[in-house]
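The structure appears right after this line, and notes come after that.
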Amino acid sequence: MNDNLGGPGNLLDTTDCLEAVGVFKGWKNFMFIITILCLLLLQGAFWLVRLGLVRTGQEPADEAPVAAVSSDVNMPADVNDAAATDPNDPNATTAMQPAEPKPARKSFLPFEITFDHVSWAVRFVNAVAALAAIIYCLTTLFSLKVSLMGRLGGINHISRAFFISLLMVVFLLPWQIVFGPGLPGAIYLPAELAQACSAKPGGIFEQVLFYLRFSGYWLLVVLLLILAQLRSSRWTGAILRRLEVI
């Protein structure tokens, strides 16, 4: 077996496979960074809306003030109206002012961010994250094929990295668009974010499901992505050890 690996033709094939591995490794690392940044931006957008730093416009309205009743019910309506507007009349009733809208929390950013800005950013980041994750999974698959063809070693690590990255893509994509809210993905839509953050807080179970949807699911995808990257790094180390033996 070592004689076959040491032949001129096999050495040339191994060199070509190593060059291909270098290309795929560079693109894989680049897509890893892009995907991680997009996931961080998505989580940051969620917390901006959740903490009230950005108003969605769908917050529940404050309770309407109770109408004031005149102290003298026997007086005519026009007299009551006149008394209500006369501050010197002892029978006058004080008109209640409408409740002021609840102001948004002060943002730590030097400029104002509206929900329209967040919606545009979320749509753009969703597209980039889905595309980068799919390319990451494909480059891992191509690395597996090159490793098999060139017998470079580390098949165990790169195979695990491919399947983990495939699971990451499956959990990331917004399946709720196709199958409804019962089967969501880690990627959320702006309308979904606004509706969830503007709804009245429910019980503990509803709160747990809410944070699992927007943070727990996200954390699972991040962990899968990091695990796939670590496995591919072990694959690179296995290739280097095999080449030293050869």
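Ligands are numbered from 1 in the order shown, residues from 1 within each chain, and chains are lettered A, B, ... in the order they appear in the structure tokens.
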So that I can check the surroundings of region 111-124 of chain A, please list as a list in words every protein, DNA and RNA residue that reaches within 10 Å of it, counting only C-alpha atoms and ignoring chain neighbours fewer than 5 positions away.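 The residues that qualify are Cys38, Leu41, Leu42, Gln43, Ala45, Phe46, Leu48, Val49, Leu53, Val54, Arg55, Thr56, Gly57, Lys106, Ala129, Ile187, Tyr188, Leu189, Pro190, Ala191, Leu193 and Ala194 of chain A.
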Could the residues in this selection be saved with C-alpha atoms as a short mmCIF file (atom, residue, chain, number, x, y, z; two decimals), in the first residue's frame?
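Result written to part.cif:
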data_model
loop_
_atom_site.label_atom_id
_atom_site.label_comp_id
_atom_site.auth_asym_id
_atom_site.auth_seq_id
_atom_site.Cartn_x
_atom_site.Cartn_y
_atom_site.Cartn_z
CA CYS A 38 -25.32 36.63 10.59
CA LEU A 41 -26.92 39.89 14.11
CA LEU A 42 -30.21 37.97 14.18
CA GLN A 43 -29.94 37.44 17.91
CA ALA A 45 -32.12 42.19 16.45
CA PHE A 46 -34.29 39.96 18.60
CA LEU A 48 -33.36 45.01 20.52
CA VAL A 49 -37.06 44.42 20.01
CA LEU A 53 -35.26 49.53 22.46
CA VAL A 54 -37.14 49.32 19.15
CA ARG A 55 -40.94 49.72 19.09
CA THR A 56 -42.83 47.44 16.71
CA GLY A 57 -45.99 49.57 16.60
CA LYS A 106 -33.58 54.80 25.70
CA ALA A 129 -27.16 33.35 6.51
CA ILE A 187 -34.35 31.99 11.03
CA TYR A 188 -37.36 34.13 11.92
CA LEU A 189 -39.33 36.65 9.87
CA PRO A 190 -39.85 40.30 10.89
CA ALA A 191 -43.62 39.85 11.18
CA LEU A 193 -40.74 38.76 15.63
CA ALA A 194 -43.12 41.72 15.94
#
Determine, counting only C-alpha atoms, which protein, DNA and RNA residues have an atom within 7 Å of an atom of His157 (chain A); residues of the same chain fewer than 3 positions away are not included. Present the result as number ranges by chain. A: 154, 160-161, 231-232, 234-235
As a PDB file with C-alpha atoms, in the first residue's frame, please: the residues near region 166-183 of chain A (cut-off 7 Å, only C-alpha atoms, same-chain neighbours under 6 positions excluded).
ATOM      1  CA  ALA A 130     -29.118  30.737   4.546  1.00  0.00           C
ATOM      2  CA  ALA A 133     -24.795  27.939   5.586  1.00  0.00           C
ATOM      3  CA  ILE A 134     -25.676  25.990   2.440  1.00  0.00           C
ATOM      4  CA  CYS A 137     -22.324  22.403   3.976  1.00  0.00           C
ATOM      5  CA  VAL A 221     -27.591  26.071  15.423  1.00  0.00           C
ATOM      6  CA  LEU A 224     -23.782  22.627  15.583  1.00  0.00           C
ATOM      7  CA  LEU A 225     -21.876  25.064  13.392  1.00  0.00           C
TER       8      LEU A 225
END
Could you check the closest approach to Phe24 (chain A) for each of A:Thr236, A:Gly52, A:Arg151, A:Ser198 and tell me which residue wins, using only C-alpha atoms? A:Thr236
Go ahead and compute the interatomic distance for CA of Gln229 (chain A) and CA of Ser159 (chain A), in Å to one decimal.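 If I compute the distance from CA of Gln229 (chain A) to CA of Ser159 (chain A), I get 12.0 Å.
If you look at CA of Tyr136 (chain A) and CA of Tyr211 (chain A), they are 27.1 Å away from each other.
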Could you work out how far CA of Tyr217 (chain A) lies from CA of Lys28 (chain A), giving the answer in Å with one decimal?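 Interatomic distance here is 22.8 Å.
Minimum distance to Leu138 (chain A) across A:Met31, A:Leu18, A:Val125, A:Leu209 (counting only C-alpha atoms) occurs at A:Met31.
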Could you check which of A:Ile158, A:Leu39, A:Ile226, A:Leu220 is closest to Thr140 (chain A), using only C-alpha atoms?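 Checking each of A:Ile158, A:Leu39, A:Ile226, A:Leu220 against Thr140 (chain A), counting only C-alpha atoms, the winner is A:Ile158.
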